[in-house]
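Below: one structure, written as C-alpha cells.
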Amino acid sequence: MPEMTMLQAVNDALHVAMAKDDRVVLLGEDIGKKGGVFGATAGLWDKYGDLRVMDTPLSENGILGTAVGMGLYGLRPVPEIQFLDFIYPGFDQIVSEMAKFRYRSGGEYPCPCVVRSPSGGGIKGGHYHSQSAESYFIHTPGLRVVMPSTPRDAKGMLLASIFQDDPVIFLEPKALYRHGKQEVESGYFEVELGKARVVRAGDGVTVVTWGAMVPVCEAAAEKAAEKGVSVELLDLRSLLPWDADAVLASVRKTGRLVLVQEAPRTLGFASEIAATAAEKAIDSLRAPVARVSGFDTPFPYTLEHVYKPDAQRVLNAIEFVAKYD
Amino acid sequence: MTEMLQVLDAATKAQKLPLGLTADDLRAMYRAMVATRAFDQRCMNLQRQGRIGFCVPSIGQEASQVGASYAAPLEDWVYPSYRTHSIAILRGVPWKTLFDQLYGNGTDVVKGRQMPNHFSLRAWNLVSVSSPIGTQISQAAGTARAIQVRGEKRVVWTWFGDGGTSEGEFHAGLNFAGVWKSPCVFMCENNHWAISVPCERQTASETFAQKAVAYGMPGVRVDGNDVLAVYQAAKEARERALRGDGPTLIESVTFRLGPHSSSDDPKRYQAPELLETWKKRDPIARFQAFLEKKKLWTPAWDKQLSDEIAAEIGKAVDAAEQTPPPAVETLFDDVYATLPPHLVEQRQAVLDQIRTSGAIQDTGGKFPL
C-alpha cells in the first residue's frame with residue numbers, strides 16, 4: 001500500500017473520483033494549471049481540461065452558486081474554497097440554497113455537492129487563513145459536515161462524500177496536510193460517514209475531538225498515560241450527522257468527558273456534545289464535562305500558539321476531570 | 001441605449017403574421033396571459049378571504065413573461081423568480097398542482113414547506129423558487145455550464161427583477177456565464193419597483209441592459225408590454241446560446257400594476273399618475289387589439305376563454321382547499337437522502353407528544369410584508 005500525506009490522499013481521491021465518474025467536476029480559484037494553492041488538485045487539469053477542472057473567476061459566491069446549479073443538473077461538483085475564511089460571501093448559497101434544495105422542492109431537486117476547504121490554523125496565516133468555522137455549517141439542517149484527521153480518512157471520506165447524494169462541507173485541517181504519512185489503499189474505497197474513530201482505547205477519561213486537534217490530544221493522552229490516566233480518544237470525523245452513540249458509549253464507560261476543539265468556545269460544537277452527554281448520560285458522569293477550545297477572540301497572528309489548544313492545556317483538563325471526585 | 005425593441009405596432013400594420021408565429025401560437029400566448037391574470041386575481045381574492053396566506057401577483061408583466069417563455073421549449077431549464085408563475089401556466093402545469101402549493105396541502109409537490117408562489121416543478125424543468133433575491137442567477141450560470149460539460153443542446157433561463165441586479169449574484173452569474181460563454185439567458189424584468197424602491201434607486205446606469213457590456217455579452221432592451229418584442233428578443237438570445245455564442249441579458253421594461261405582494265399597498269409610495277400611465281399600456285389589452293386586427297380575437301371567444309379558465313381554476317381551488325395538510329412526519333423527510341439518527345429521534349419525540357398529549361395546535365400567524 002502506498003504511503004501518503006493527507007494532501008496526497010485528497011489529491012488521490014480526486015483523481016480516483018474523476019476517473020470513476022465523468023459527472024465529477026472541480027471548480028475554484030487557482031485549482032487548474034497551478035493545481036491549487038496547497039496542491040490538492042495537482043495534475044487534474046492536465047488530465048481533464050477546462051470543462052471538468054475549472055479555474056473560476058475570483059468569487060466565492062460565484063463558485064458556490066454555480067456549483068449549486070451544476071449539482072441540481074446532475075453533476076457531482078466539488079468546489080474548492082481556497083481558505084475556509086473566504087467562504088462567507090457564499091454562505092447564503094450554502095445555507096439557504098445547497099442545503100435546502102432537496103427539502104424545499106419536496107425531494108425533487110437534490111443538490112449533491114462537496115465543498116472542500118482547508119480549515120483551522122497551523123500555518124501562521126493570521127485571522128484570514130486560520131479560522132475553524134465548522135459550527136456555522138453544523139447548525140444548518142441539510143448539510144453534512146466532515147473533517148478527517150488522517151490521510152486514509154481524508155481519501156475514504158472524500159470519496160464517500162462525492163458518491164452520496166447530500167451536500168457536504170468537507171473541511172481539511174491544513175495543519176495536517178503534510179503532518180505525516182500513512183498507508184492508504186490504492187483506488188476506490190469509502191470510509192463511512194457519520195461514524196467516529198477510536199484513536200486510542202482507554203477507560204479513565206473520554207476525550208472527544210476532531211481535525212487538527214487529534215494529534216494534539218494524542219500527545220496529551222500519551223502524557224496522561226505516563227501519569228497513570230487511561231484516555232479513550234475519539235476522533236469524531238463526521239460533525240453532522242455525528243456519532244453520538246460512540247461518544248455516549250465511551251462516556252458510560254469512563255464517566256469523565258473532555259471535549260477539545262480549535263474553534264472559539266461559545267456555541268462551538270463541543271457545547272452540543274456536552275449537552276447531549278448531560279441529556280443522555282448524566283447518570284454516568286462522575287465529573288463536570290470539560291471544554292478545551294480556542295478563545296472567544298479573533299484568530300491571532302503572533303500569538304497563535306497561545307490561542308490554539310496545545311497538549312498541555314488538554315492534559316490539564318484531562319487531569320482535572322480524572323481527579324474530580 | 002435607451003431605445004426599446006418593439007414589434008406589435010409594426011406587426012399590426014403588416015400583412016403576414018409576425019416572427020413565423022401561427023394563429024395557434026398567437027392564441028396560445030394570449031390564453032396564457034389571460035389565464036395568468038385570472039390566476040392572480042383569484043389568488044388575491046383568496047388571500048383577502050383568508051383562504052390562502054399570501055400571494056405574489058404578476059399583473060402587468062404577463063407579456064414580458066409569456067413572450068420570452070414562448071421561445072423556451074420544455075427541455076430548457078428555467079430558474080424562475082417568485083413572480084413568474086405564468087411560465088408554469090404556459091408550460092401546462094395543472095391548476096390543481098399550482099393551488100396545492102398555495103394551500104401547502106398534503107398533495108403539494110413541496111409538501112407545504114414553502115410560502116405560496118415558491119413553486120418547484122421538476123417535470124416542467126422549473127427549478128424550486130427561493131425568496132432571497134438573485135440567488136438563482138449564479139445557479140443558472142452553473143446549470144448552463146453543466147450543459148456545456150455534458151455537450152448538450154439546451155438553454156437555461158433565469159428570471160429576476162430590477163432589484164435583483166443590485167445583488168452580488170447578478171454580478172457573479174453574468175460574469176461566470178460571460179467567461180464560460182454558457183448557454184444562459186438572463187431575463188431582467190424591470191417592473192420599476194423593488195417592493196417600494198423605484199428602479200432609478202437601484203442603479204445609476206442609464207439602463208439595466210447596458211450592464212451586459214461589462215460582462216462581454218449583448219444587452220437587449222425590449223418593450224416588456226409588447227409580447228411579440230419580448231418573444232423576438234428571447235428567440236434570438238436562445239439561438240445565440242445554441243450557436244455557442246454565449247449568454248444574453250434581456251431587460252424587459254414593464255410595470256408592476258399591482259402590489260409587491262398581498263401584504264403590500266403601493267399607494268403609500270407610488271404616484272397615482274404613474275400607475276394610470278402604465279395601465280394604458282396594459283400588455284393584454286395591447287395584444288388583444290393586435291389579435292382583433294388580425295381577426296384572431298372576438299369578444300365571444302374571449303368570453304368563452306375567460307369562462308373556461310374561471311371554471312378550471314374554481315374546480316382546482318375547491319379540490320386543493322379540501323385536501324388535508326401534509327402528515328406530521330413529512331416534516332422530517334427530504335432534509336437528507338436518508339433520515340439520519342438525530343432526525344429519527346426528533347421525529348419520534350413529536351409523534352410521542354401527539355400520542356400522549358393530542359394534536360399540536362396551529363396558532364396561525366399573518367405574513368406582514
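Numbering starts fresh at 1 for the residues of each chain in the C-alpha cells, the chains themselves are lettered A, B, ... in the order given, and ligands are numbered from 1 as they appear.
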
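Proximity to chain B at a cut-off of 6 Å picks out Leu51, Gly62, Gly65, Thr66, Ala67, Val68, Gly69, Met70, Tyr73, Arg102, Tyr103, Arg104, Ser105, Gly106, Gly107 and Gly142 of chain A on chain A, counting only C-alpha atoms.
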
Checklist entry - Quick one: residues within 9 Å of Thr276 (chain A), only C-alpha atoms counted, chain neighbours fewer than 4 positions away excluded, as a PyMOL selection string? => result chain A and resi 244+248+271-272+280-281

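For the pair CA of Met4 (chain A) and CA of Ile31 (chain A), the separation is 20.3 Å.
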
Checklist outcome for this item: Min atom-atom distance to Glu185 (chain A) from the set A:Asp166, A:Asp153, A:Glu319, A:Asp46, counting only C-alpha atoms, belongs to A:Asp153

Next on the checklist: as a PyMOL selection string, please: every residue in region 267-368 of chain B that DSSP puts in alpha helix (DSSP H).
Outcome noted: chain B and resi 272-279+283-293+299-322+341-357

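Our summary of the geometry notes that CA of Leu176 (chain A) is positioned 13.8 Å from CA of Ser132 (chain A).
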
Item to check | Test item: residues at most 9 Å from region 145-152 of chain A, only C-alpha atoms, excluding those fewer than 3 positions along its chain, as JSON, numbers by chain | outcome: {"A": [3, 4, 5, 6, 7, 8, 9, 10, 119, 134, 137, 138, 155, 156, 157, 158, 161, 167, 168, 169, 170, 171, 172, 173, 176, 177, 180, 181, 182, 183, 184, 185, 191, 193, 194, 210, 211, 212, 213, 214, 215, 235, 236, 237, 238, 239, 240, 241, 242]}

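Taking only C-alpha atoms into account, Tyr215 (chain B) lies nearest to B:Gly178 out of the set B:Gly50, B:Gly178, B:Pro73, B:Gly244.
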
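Of the listed residues (A:Pro309, A:Pro288, A:Pro79, A:Gly187), A:Pro288 comes nearest to Val205 (chain A); the distances count only C-alpha atoms.
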
Checklist entry - Among region 150-333 of chain B, which ones does DSSP place in strand (DSSP E), written as JSON, numbers by chain? => result {"B": [156, 157, 158, 159, 160, 161, 184, 185, 186, 187, 188, 189, 190, 193, 194, 197, 198, 219, 220, 221, 222, 223, 248, 249, 250, 251, 252, 253]}

Restricted to C-alpha atoms, what would the selected residues look like written as a PDB file, in the first residue's frame?
ATOM      1  CA  VAL B 156     -31.062  27.923 -19.202  1.00  0.00           C
ATOM      2  CA  TRP B 157     -33.295  30.891 -18.438  1.00  0.00           C
ATOM      3  CA  THR B 158     -33.227  32.830 -15.222  1.00  0.00           C
ATOM      4  CA  TRP B 159     -35.664  35.473 -14.074  1.00  0.00           C
ATOM      5  CA  PHE B 160     -35.139  38.390 -11.732  1.00  0.00           C
ATOM      6  CA  GLY B 161     -36.160  41.997 -11.391  1.00  0.00           C
ATOM      7  CA  CYS B 184     -27.855  31.144 -20.477  1.00  0.00           C
ATOM      8  CA  VAL B 185     -30.432  33.890 -20.958  1.00  0.00           C
ATOM      9  CA  PHE B 186     -30.666  36.378 -18.132  1.00  0.00           C
ATOM     10  CA  MET B 187     -34.189  37.790 -18.035  1.00  0.00           C
ATOM     11  CA  CYS B 188     -34.269  41.027 -16.091  1.00  0.00           C
ATOM     12  CA  GLU B 189     -37.830  42.242 -15.746  1.00  0.00           C
ATOM     13  CA  ASN B 190     -37.573  45.896 -14.995  1.00  0.00           C
ATOM     14  CA  TRP B 193     -40.230  48.540  -8.346  1.00  0.00           C
ATOM     15  CA  ALA B 194     -38.340  46.527  -5.767  1.00  0.00           C
ATOM     16  CA  VAL B 197     -37.948  51.373  -4.092  1.00  0.00           C
ATOM     17  CA  PRO B 198     -38.114  52.688  -7.671  1.00  0.00           C
ATOM     18  CA  GLY B 219     -27.729  43.519 -23.661  1.00  0.00           C
ATOM     19  CA  VAL B 220     -31.135  43.879 -25.255  1.00  0.00           C
ATOM     20  CA  ARG B 221     -33.719  46.362 -24.057  1.00  0.00           C
ATOM     21  CA  VAL B 222     -37.192  45.405 -25.022  1.00  0.00           C
ATOM     22  CA  ASP B 223     -40.703  46.742 -24.506  1.00  0.00           C
ATOM     23  CA  THR B 248     -27.535  37.388 -23.291  1.00  0.00           C
ATOM     24  CA  LEU B 249     -29.005  39.866 -20.848  1.00  0.00           C
ATOM     25  CA  ILE B 250     -32.513  40.990 -21.704  1.00  0.00           C
ATOM     26  CA  GLU B 251     -34.034  43.962 -19.933  1.00  0.00           C
ATOM     27  CA  SER B 252     -37.765  43.683 -20.312  1.00  0.00           C
ATOM     28  CA  VAL B 253     -39.216  47.078 -19.486  1.00  0.00           C
TER      29      VAL B 253
END
